Each structure stands twice: as structure tokens, then as C-alpha cells.
file final26.tsv (TSV, C-alpha atoms)
chain	number	residue	atom	x	y	z
A	1	PHE	CA	95.53	80.56	120.05
A	2	ASN	CA	98.96	79.38	118.88
A	3	ASP	CA	99.75	82.77	117.33
A	4	TYR	CA	98.83	84.48	120.58
A	5	GLN	CA	100.99	82.18	122.74
A	6	ILE	CA	103.98	82.44	120.38
A	7	GLY	CA	103.52	86.20	120.39
A	8	ARG	CA	103.68	86.27	124.18
A	9	VAL	CA	107.02	84.44	124.14
A	10	LEU	CA	108.50	86.67	121.42
A	11	ASP	CA	107.25	89.83	123.13
A	12	LYS	CA	108.99	88.76	126.35
A	13	VAL	CA	112.24	88.02	124.52
A	14	ALA	CA	112.00	91.39	122.76
A	15	SER	CA	111.41	93.16	126.09
A	16	LEU	CA	114.71	91.70	127.30
A	17	GLY	CA	116.46	93.25	124.30
A	18	ILE	CA	117.76	89.96	122.91
A	19	LEU	CA	115.28	89.14	120.14
A	20	ASP	CA	117.80	89.82	117.34
A	21	ASP	CA	120.31	87.53	119.03
A	22	THR	CA	117.85	84.68	119.63
A	23	LEU	CA	117.36	81.69	117.36
A	24	VAL	CA	113.62	81.13	117.06
A	25	ILE	CA	112.29	77.89	115.57
A	26	ILE	CA	108.61	77.07	115.13
A	27	GLY	CA	107.59	73.53	114.22
A	28	ALA	CA	105.27	70.73	115.30
A	29	ASP	CA	105.44	67.04	116.11
A	30	HIS	CA	102.55	66.21	113.76
A	31	GLY	CA	99.63	67.59	111.80
A	32	GLU	CA	96.07	66.27	111.67
A	33	GLU	CA	93.93	64.24	109.31
A	34	LEU	CA	90.72	66.17	108.56
A	35	ALA	CA	88.73	63.41	106.86
A	36	ASP	CA	91.11	63.50	103.88
A	37	HIS	CA	91.43	59.69	103.87
A	38	HIS	CA	88.76	57.15	104.80
A	39	GLY	CA	86.83	59.71	106.84
A	40	TYR	CA	89.56	59.76	109.49
A	41	TRP	CA	89.85	62.69	111.93
A	42	HIS	CA	92.98	62.63	114.09
A	43	HIS	CA	96.68	61.80	113.70
A	44	GLN	CA	97.50	58.65	115.62
A	45	ALA	CA	96.96	56.07	112.87
A	46	SER	CA	98.01	57.92	109.72
A	47	LEU	CA	101.12	58.16	107.56
A	48	TYR	CA	99.59	60.61	105.10
A	49	GLU	CA	100.91	64.11	104.49
A	50	GLY	CA	98.20	65.78	106.55
A	51	VAL	CA	99.86	64.26	109.60
A	52	LEU	CA	103.50	64.20	108.50
A	53	GLN	CA	103.89	67.61	106.87
A	54	VAL	CA	104.36	70.33	109.47
A	55	PRO	CA	105.56	73.94	109.38
A	56	LEU	CA	109.23	74.60	110.05
A	57	ILE	CA	110.16	78.25	110.51
A	58	PHE	CA	113.55	79.69	111.49
A	59	LYS	CA	114.36	83.24	112.58
A	60	LEU	CA	117.85	84.54	113.36
A	61	PRO	CA	118.75	87.99	112.00
A	62	GLY	CA	122.07	88.01	110.17
A	63	LYS	CA	122.05	84.25	109.55
A	64	VAL	CA	118.54	83.38	108.37
A	65	PRO	CA	117.33	85.68	105.57
A	66	ALA	CA	113.78	86.95	106.04
A	67	GLY	CA	111.22	85.51	103.65
A	68	ALA	CA	113.42	82.74	102.26
A	69	ARG	CA	111.59	79.48	101.46
A	70	ASP	CA	112.67	75.98	100.47
A	71	ALA	CA	110.31	73.15	99.48
A	72	THR	CA	112.83	70.33	99.94
A	73	PRO	CA	111.36	67.53	102.11
A	74	VAL	CA	113.27	67.45	105.40
A	75	SER	CA	112.92	65.80	108.80
A	76	LEU	CA	112.61	66.96	112.40
A	77	ALA	CA	115.79	64.93	112.91
A	78	ASP	CA	117.51	67.79	111.04
A	79	LEU	CA	116.66	70.33	113.74
A	80	ALA	CA	119.55	69.65	116.11
A	81	PRO	CA	122.28	69.66	113.43
A	82	THR	CA	120.84	72.88	111.99
A	83	MET	CA	120.68	74.64	115.36
A	84	LEU	CA	124.23	73.68	116.20
A	85	GLU	CA	125.62	74.95	112.90
A	86	LEU	CA	123.72	78.24	113.14
A	87	LEU	CA	125.05	78.75	116.67
A	88	GLY	CA	128.61	77.71	115.81
A	89	VAL	CA	128.61	74.63	118.03
A	90	ALA	CA	130.35	71.40	117.02
A	91	ARG	CA	127.97	68.60	116.11
A	92	PRO	CA	128.28	65.29	118.00
A	93	GLN	CA	129.15	62.48	115.62
A	94	ALA	CA	126.22	60.32	116.74
A	95	TYR	CA	123.58	62.85	115.64
A	96	GLU	CA	121.16	61.77	112.94
A	97	GLY	CA	119.83	64.23	110.38
A	98	VAL	CA	121.56	66.86	108.27
A	99	SER	CA	122.04	70.59	108.76
A	100	LEU	CA	119.67	72.77	106.76
A	101	ALA	CA	121.90	75.84	107.11
A	102	ALA	CA	122.88	75.72	103.43
A	103	ALA	CA	119.34	76.79	102.52
A	104	PHE	CA	119.88	80.02	104.45
A	105	ASN	CA	122.93	80.83	102.30
A	106	LYS	CA	121.08	80.38	98.98
A	107	GLN	CA	122.92	77.11	98.36
A	108	PRO	CA	121.28	73.90	97.11
A	109	LEU	CA	120.01	71.83	100.01
A	110	GLU	CA	121.47	68.35	99.65
A	111	HIS	CA	118.98	66.12	101.41
A	112	GLY	CA	118.15	62.53	100.61
A	113	PRO	CA	114.79	60.83	101.13
A	114	VAL	CA	112.86	61.30	104.37
A	115	PHE	CA	111.99	58.11	106.25
A	116	GLY	CA	109.60	57.29	109.05
A	117	GLU	CA	107.64	54.50	110.68
A	118	TRP	CA	104.38	53.57	112.35
A	119	GLY	CA	105.80	51.46	115.14
A	120	ASP	CA	106.75	47.96	114.04
A	121	LYS	CA	104.04	47.74	111.37
A	122	MET	CA	104.53	50.32	108.60
A	123	LEU	CA	107.27	52.45	107.06
A	124	TYR	CA	107.31	55.28	104.57
A	125	ILE	CA	109.80	57.00	102.31
A	126	ARG	CA	109.27	60.51	100.94
A	127	THR	CA	111.21	62.05	98.07
A	128	ALA	CA	110.63	65.32	96.25
A	129	GLN	CA	108.26	63.55	93.86
A	130	TYR	CA	106.95	60.42	95.54
A	131	LYS	CA	105.54	59.16	98.83
A	132	TYR	CA	105.57	55.39	99.38
A	133	ILE	CA	103.91	53.66	102.35
A	134	TYR	CA	105.23	50.14	102.97
A	135	ASN	CA	102.87	47.96	104.98
A	136	PRO	CA	104.17	44.40	104.52
A	137	SER	CA	101.66	42.67	106.81
A	138	GLY	CA	98.64	44.57	105.51
A	139	HIS	CA	98.12	46.06	108.97
A	140	GLN	CA	95.03	48.24	109.36
A	141	PRO	CA	95.64	50.70	112.23
A	142	PRO	CA	92.94	50.68	114.92
A	143	VAL	CA	91.41	54.08	115.60
A	144	LYS	CA	89.07	53.48	118.53
A	145	ARG	CA	89.04	57.12	119.58
A	146	GLU	CA	87.46	58.08	116.25
A	147	ARG	CA	84.45	55.75	116.44
A	148	ASP	CA	82.09	58.66	117.10
A	149	GLN	CA	83.02	60.12	113.72
A	150	ALA	CA	83.00	56.77	111.90
A	151	SER	CA	80.42	55.85	109.31
A	152	GLU	CA	77.86	53.17	110.09
A	153	THR	CA	79.75	50.74	107.86
A	154	GLN	CA	82.99	51.39	109.74
A	155	LYS	CA	81.27	50.99	113.12
A	156	LYS	CA	80.42	47.39	112.25
A	157	ASN	CA	84.10	46.71	112.86
A	158	ALA	CA	84.43	46.73	116.65
A	159	ASP	CA	87.82	48.41	116.55
A	160	HIS	CA	87.24	50.69	113.54
A	161	THR	CA	90.40	50.42	111.43
A	162	LEU	CA	91.79	52.28	108.46
A	163	PRO	CA	91.69	50.20	105.25
A	164	THR	CA	95.40	50.65	104.52
A	165	LYS	CA	96.88	48.66	101.63
A	166	LYS	CA	100.16	46.72	101.74
A	167	ARG	CA	101.69	49.22	99.31
A	168	GLU	CA	100.55	52.77	98.64
A	169	LEU	CA	102.31	55.11	96.23
A	170	TYR	CA	101.49	58.74	95.54
A	171	ASP	CA	103.00	61.23	93.11
A	172	ILE	CA	103.24	64.08	95.60
A	173	ALA	CA	104.40	66.53	92.95
A	174	LYS	CA	101.14	66.07	91.00
A	175	ASP	CA	98.87	64.86	93.79
A	176	PRO	CA	99.89	66.59	97.05
A	177	ARG	CA	96.73	65.51	98.90
A	178	GLU	CA	97.33	61.83	98.09
A	179	HIS	CA	94.01	61.08	96.45
A	180	GLN	CA	95.33	59.02	93.52
A	181	GLU	CA	97.02	55.81	94.67
A	182	ILE	CA	99.24	54.58	91.78
A	183	SER	CA	101.09	51.50	93.07
A	184	ASP	CA	99.41	49.23	90.49
A	185	ILE	CA	100.94	51.14	87.57
A	186	SER	CA	104.36	52.03	89.01
A	187	ALA	CA	106.25	48.81	89.73
A	188	ASP	CA	109.60	50.32	88.72
A	189	VAL	CA	109.17	53.31	91.03
A	190	ILE	CA	108.19	51.05	93.93
A	191	ALA	CA	111.21	48.80	93.36
A	192	ALA	CA	113.56	51.80	93.49
A	193	LEU	CA	111.91	53.25	96.60
A	194	GLU	CA	111.91	49.89	98.39
A	195	ALA	CA	115.63	49.56	97.70
A	196	GLU	CA	116.24	53.00	99.22
A	197	LEU	CA	113.97	52.17	102.15
A	198	LYS	CA	115.93	48.99	102.82
A	199	SER	CA	119.38	50.57	102.70
A	200	GLY	CA	118.47	53.92	104.24
A	201	TYR	CA	116.24	52.74	107.07
A	202	ILE	CA	115.53	49.01	107.48
A	203	ASP	CA	119.16	47.87	107.38
A	204	LYS	CA	120.55	51.04	108.94
A	205	PHE	CA	118.35	50.94	112.03
A	206	GLY	CA	117.60	47.22	112.17
A	207	TRP	CA	113.85	47.70	111.72
A	208	LYS	CA	111.89	44.45	111.95
A	209	LEU	CA	108.22	43.80	111.28
A	210	GLU	CA	106.28	43.25	114.50
A	211	ASP	CA	109.34	43.14	116.76
A	212	LYS	CA	107.10	44.30	119.65
A	213	ALA	CA	109.69	46.87	120.78
A	214	GLU	CA	107.09	49.55	121.51
A	215	GLU	CA	104.78	47.06	123.22
A	216	LEU	CA	107.61	45.84	125.46
A	217	LEU	CA	108.57	49.41	126.29
A	218	GLN	CA	105.01	50.21	127.33
A	219	GLN	CA	104.98	47.20	129.65
A	220	GLN	CA	107.98	48.69	131.44
A	221	LEU	CA	106.28	52.02	132.18
A	222	ASP	CA	105.93	52.90	135.84
A	223	PRO	CA	102.41	53.85	137.04
A	224	GLU	CA	103.15	57.59	137.28
A	225	THR	CA	104.53	57.80	133.75
A	226	ARG	CA	101.59	55.76	132.44
A	227	ARG	CA	99.11	58.17	134.08
A	228	GLU	CA	100.91	61.15	132.54
A	229	LEU	CA	100.79	59.56	129.09
A	230	GLU	CA	97.12	58.70	129.51
A	231	ALA	CA	96.39	62.33	130.41
A	232	LEU	CA	98.09	63.42	127.18
A	233	GLY	CA	96.20	60.83	125.13
A	234	TYR	CA	99.27	58.73	124.25
A	235	GLU	CA	98.32	55.67	126.27
A	236	GLN	CA	94.94	53.98	126.59

call {"tool": "encode", "arguments": {"input": "final26.tsv", "output": "C-alpha cells"}}
result
Amino acid sequence: FNDYQIGRVLDKVASLGILDDTLVIIGADHGEELADHHGYWHHQASLYEGVLQVPLIFKLPGKVPAGARDATPVSLADLAPTMLELLGVARPQAYEGVSLAAAFNKQPLEHGPVFGEWGDKMLYIRTAQYKYIYNPSGHQPPVKRERDQASETQKKNADHTLPTKKRELYDIAKDPREHQEISDISADVIAALEAELKSGYIDKFGWKLEDKAEELLQQQLDPETRRELEALGYEQ
């Protein structure tokens, strides 16, 4: 289905005679968990790679070489800076992220760790080798929409939650599907990643555990916006 719809767009652009002058980017806001962890099917409650790792494809003849690949972990926050550089537009100083254009010129892509959060409860940091999930309160995300797929044991919990630990560490280079949790034997790695997480995200953006920012924002939604979000599955 996606291939067909993307093909329709590209065919229309080609029919206008501007395909070779058009920057095409294909990505996604998230992936899906397919029972890879704790029998979970969906994306809303997970910080594992099945949800976080998405395709990112660029096409622009003359500036993006066909077939080039780069395995460096990057962020969707890098999209805007990359687009602007490829199109020769000055980047606003306030933009987050880094331009990925160097990768298209066969230059080393200088990119630090990738950070992210699950609201005001959990954070993660991803490097080329490691993925660390920081869950200081031991929060177990509720996944009510997945109760039909839950095991009988999980259904005994009225909300059905994921049994997430306070600290989870995975050697992504050796264990890309995150099946071997190694926090108990990697204290030095965790200390280094927590220091980077603090300086690169917590202090930088003022992240606070359970600051209720998302909850307060939802309380401010007008009825029409709330209905639209409910229709998309983002509000219950």
C-alpha cells in the first residue's frame, strides 16, 4: 500500500517534468513492536528499536548519490537542517539537529548520541554501540489497547503494563533486536551514558521526572482538537 501511494506521488511529479529537481525524502514517525518484547504489539508504550528505528531515504539527483548508505544513528530532528543545506537555504540558529549532507559527499558523518523520551517518565540514549533506557521511577507503561493480545497472566493486571526495568542496556552492535539486557554487568558503560544523557538532554532541555507537562497540555485541548486526536488514536 505504501509503495503504491508513494509511487502515485512520484509519478505525478515526474509527469510535471520536475522529478530530477525535486528533493524526495521518505521516513516515518515510528515503527511497530511485533511481539519482540513482552508480547507487545503496537508502538505507543515502547522505547525499543522496533519502534524507534525507521527508514530514512533521500533522493535528489546531483546532490544525493544513488545507492549510498550510512548506518550512523541519526534523528528526525536532523531532517530540517539537512533539507535546508541540500537546497542552499540558510539554517535558522534555533534549529535542533545536525545536517546529514556530509554523508552524501562521502565524508564522515559527525553525529553524537541520539536522545529521546517517553513523556515525563523515561528517556533513552542511543550510540553506535549501545542503547540505554533510563526509567528512574520504574514506570511501567500502560497499554490498554493491547489487552486483546495480552496473555492471561498480563490480563490479571487491569491496565496491562509493560514490565520495564529502571535501567535497561543493550549492546546494539551485537544484539540489534535487544534480547540480552546487560545493565547488571555494565556499570561503567551506564555511568558514561547517564553522564551524556544528563548533559545532552536533561540539563539542555530541562527535562524533569513527572513534571506533568503533557498531562497539562492535554487538559488545555479544545473539544474539536480532542476529537481529531481521538480519531487518530492519540487520545483516549

call {"tool": "residues_near_point", "arguments": {"input": "final26.tsv", "point": "(118.4, 71.5, 113.2)", "cutoff": "12 Å", "atoms": "all atoms listed in the file", "output": "PyMOL selection string"}}
result
chain A and resi 23-27+56-58+74-87+89+91+95-103

call {"tool": "atom_distance", "arguments": {"input": "final26.tsv", "atom1": "CA of Glu110 in chain A", "atom2": "CA of Lys174 in chain A"}}
result
22.2 Å

call {"tool": "residues_around", "arguments": {"input": "final26.tsv", "residues": "range 161-163 of chain A", "least_positions_apart": "4", "cutoff": "6 Å", "atoms": "all atoms listed in the file", "output": "list in words"}}
result
Gln140, Pro141, Pro142 and Val143 of chain A

call {"tool": "closest_residue", "arguments": {"input": "final26.tsv", "among": "A:Arg177, A:Glu168, A:Met122, A:Val114", "to": "Leu34 in chain A", "atoms": "all atoms listed in the file"}}
result
A:Arg177

call {"tool": "closest_residue", "arguments": {"input": "final26.tsv", "among": "A:Thr22, A:Pro55, A:His37, A:Lys131", "to": "Gly116 in chain A", "atoms": "all atoms listed in the file"}}
result
A:Lys131

call {"tool": "closest_residue", "arguments": {"input": "final26.tsv", "among": "A:Gln180, A:Asn2, A:Gln107, A:Thr72", "to": "Gln129 in chain A", "atoms": "only C-alpha atoms"}}
result
A:Thr72

call {"tool": "atom_distance", "arguments": {"input": "final26.tsv", "atom1": "CA of Gly50 in chain A", "atom2": "CA of Lys166 in chain A"}}
result
19.8 Å

call {"tool": "closest_residue", "arguments": {"input": "final26.tsv", "among": "A:Pro73, A:Gly31, A:Pro92, A:Gly62", "to": "Asn105 in chain A", "atoms": "only C-alpha atoms"}}
result
A:Gly62

call {"tool": "decode", "arguments": {"input": "final26.tsv", "residues": "range 112-139 of chain A", "atoms": "N, CA, C and O atoms", "output": "mmCIF file, in the first residue's frame"}}
result
data_model
loop_
_atom_site.group_PDB
_atom_site.id
_atom_site.type_symbol
_atom_site.label_atom_id
_atom_site.label_comp_id
_atom_site.auth_asym_id
_atom_site.auth_seq_id
_atom_site.Cartn_x
_atom_site.Cartn_y
_atom_site.Cartn_z
ATOM 1 N N GLY A 112 26.610 13.000 17.250
ATOM 2 C CA GLY A 112 26.697 12.490 18.606
ATOM 3 C C GLY A 112 25.568 11.515 18.909
ATOM 4 O O GLY A 112 24.870 11.046 18.002
ATOM 5 N N PRO A 113 25.354 11.208 20.176
ATOM 6 C CA PRO A 113 24.287 10.288 20.552
ATOM 7 C C PRO A 113 22.911 10.820 20.148
ATOM 8 O O PRO A 113 22.707 12.019 20.010
ATOM 9 N N VAL A 114 21.980 9.905 19.976
ATOM 10 C CA VAL A 114 20.588 10.249 19.711
ATOM 11 C C VAL A 114 19.812 10.108 21.018
ATOM 12 O O VAL A 114 19.960 9.116 21.731
ATOM 13 N N PHE A 115 19.003 11.106 21.329
ATOM 14 C CA PHE A 115 18.231 11.114 22.575
ATOM 15 C C PHE A 115 16.731 11.083 22.271
ATOM 16 O O PHE A 115 16.295 11.478 21.192
ATOM 17 N N GLY A 116 15.970 10.660 23.258
ATOM 18 C CA GLY A 116 14.520 10.718 23.126
ATOM 19 C C GLY A 116 13.856 10.461 24.463
ATOM 20 O O GLY A 116 14.524 10.149 25.450
ATOM 21 N N GLU A 117 12.546 10.598 24.493
ATOM 22 C CA GLU A 117 11.842 10.468 25.765
ATOM 23 C C GLU A 117 10.494 9.800 25.577
ATOM 24 O O GLU A 117 9.932 9.774 24.479
ATOM 25 N N TRP A 118 9.975 9.248 26.658
ATOM 26 C CA TRP A 118 8.598 8.783 26.738
ATOM 27 C C TRP A 118 7.926 9.694 27.756
ATOM 28 O O TRP A 118 7.877 9.416 28.948
ATOM 29 N N GLY A 119 7.453 10.831 27.258
ATOM 30 C CA GLY A 119 6.815 11.825 28.113
ATOM 31 C C GLY A 119 7.715 12.254 29.256
ATOM 32 O O GLY A 119 8.903 12.520 29.072
ATOM 33 N N ASP A 120 7.145 12.308 30.450
ATOM 34 C CA ASP A 120 7.908 12.742 31.620
ATOM 35 C C ASP A 120 8.298 11.554 32.499
ATOM 36 O O ASP A 120 8.515 11.699 33.689
ATOM 37 N N LYS A 121 8.381 10.360 31.876
ATOM 38 C CA LYS A 121 8.665 9.157 32.649
ATOM 39 C C LYS A 121 10.011 8.511 32.308
ATOM 40 O O LYS A 121 10.751 8.089 33.192
ATOM 41 N N MET A 122 10.314 8.378 31.009
ATOM 42 C CA MET A 122 11.507 7.635 30.597
ATOM 43 C C MET A 122 12.287 8.390 29.521
ATOM 44 O O MET A 122 11.713 9.135 28.731
ATOM 45 N N LEU A 123 13.589 8.153 29.500
ATOM 46 C CA LEU A 123 14.471 8.709 28.485
ATOM 47 C C LEU A 123 15.309 7.584 27.884
ATOM 48 O O LEU A 123 15.442 6.509 28.467
ATOM 49 N N TYR A 124 15.882 7.861 26.722
ATOM 50 C CA TYR A 124 16.853 6.908 26.188
ATOM 51 C C TYR A 124 17.986 7.661 25.508
ATOM 52 O O TYR A 124 17.847 8.826 25.098
ATOM 53 N N ILE A 125 19.105 6.983 25.400
ATOM 54 C CA ILE A 125 20.249 7.483 24.646
ATOM 55 C C ILE A 125 20.742 6.341 23.762
ATOM 56 O O ILE A 125 20.835 5.203 24.211
ATOM 57 N N ARG A 126 21.035 6.646 22.520
ATOM 58 C CA ARG A 126 21.453 5.640 21.542
ATOM 59 C C ARG A 126 22.762 6.082 20.913
ATOM 60 O O ARG A 126 22.863 7.187 20.366
ATOM 61 N N THR A 127 23.778 5.243 21.024
ATOM 62 C CA THR A 127 25.048 5.485 20.350
ATOM 63 C C THR A 127 25.223 4.418 19.272
ATOM 64 O O THR A 127 24.334 3.582 19.063
ATOM 65 N N ALA A 128 26.354 4.435 18.601
ATOM 66 C CA ALA A 128 26.580 3.428 17.565
ATOM 67 C C ALA A 128 26.610 2.022 18.154
ATOM 68 O O ALA A 128 26.235 1.049 17.485
ATOM 69 N N GLN A 129 27.033 1.903 19.417
ATOM 70 C CA GLN A 129 27.140 0.571 20.022
ATOM 71 C C GLN A 129 26.038 0.255 21.013
ATOM 72 O O GLN A 129 25.567 -0.885 21.073
ATOM 73 N N TYR A 130 25.614 1.255 21.798
ATOM 74 C CA TYR A 130 24.721 0.954 22.908
ATOM 75 C C TYR A 130 23.378 1.682 22.825
ATOM 76 O O TYR A 130 23.274 2.764 22.232
ATOM 77 N N LYS A 131 22.386 1.083 23.472
ATOM 78 C CA LYS A 131 21.085 1.714 23.687
ATOM 79 C C LYS A 131 20.795 1.592 25.183
ATOM 80 O O LYS A 131 20.812 0.512 25.754
ATOM 81 N N TYR A 132 20.526 2.734 25.818
ATOM 82 C CA TYR A 132 20.273 2.768 27.253
ATOM 83 C C TYR A 132 18.928 3.425 27.508
ATOM 84 O O TYR A 132 18.673 4.544 27.065
ATOM 85 N N ILE A 133 18.044 2.717 28.205
ATOM 86 C CA ILE A 133 16.734 3.246 28.577
ATOM 87 C C ILE A 133 16.775 3.582 30.060
ATOM 88 O O ILE A 133 17.050 2.721 30.898
ATOM 89 N N TYR A 134 16.506 4.837 30.374
ATOM 90 C CA TYR A 134 16.577 5.360 31.745
ATOM 91 C C TYR A 134 15.160 5.593 32.242
ATOM 92 O O TYR A 134 14.434 6.436 31.718
ATOM 93 N N ASN A 135 14.782 4.840 33.259
ATOM 94 C CA ASN A 135 13.417 4.853 33.765
ATOM 95 C C ASN A 135 13.472 5.019 35.282
ATOM 96 O O ASN A 135 13.254 4.075 36.038
ATOM 97 N N PRO A 136 13.808 6.225 35.768
ATOM 98 C CA PRO A 136 14.151 6.410 37.180
ATOM 99 C C PRO A 136 13.059 6.040 38.176
ATOM 100 O O PRO A 136 13.352 5.649 39.299
ATOM 101 N N SER A 137 11.804 6.144 37.785
ATOM 102 C CA SER A 137 10.719 5.831 38.722
ATOM 103 C C SER A 137 10.251 4.383 38.606
ATOM 104 O O SER A 137 9.357 3.961 39.340
ATOM 105 N N GLY A 138 10.830 3.630 37.674
ATOM 106 C CA GLY A 138 10.369 2.267 37.464
ATOM 107 C C GLY A 138 9.002 2.203 36.822
ATOM 108 O O GLY A 138 8.256 1.234 36.988
ATOM 109 N N HIS A 139 8.657 3.231 36.062
ATOM 110 C CA HIS A 139 7.336 3.313 35.427
ATOM 111 C C HIS A 139 7.126 2.134 34.482
ATOM 112 O O HIS A 139 8.017 1.749 33.731
#
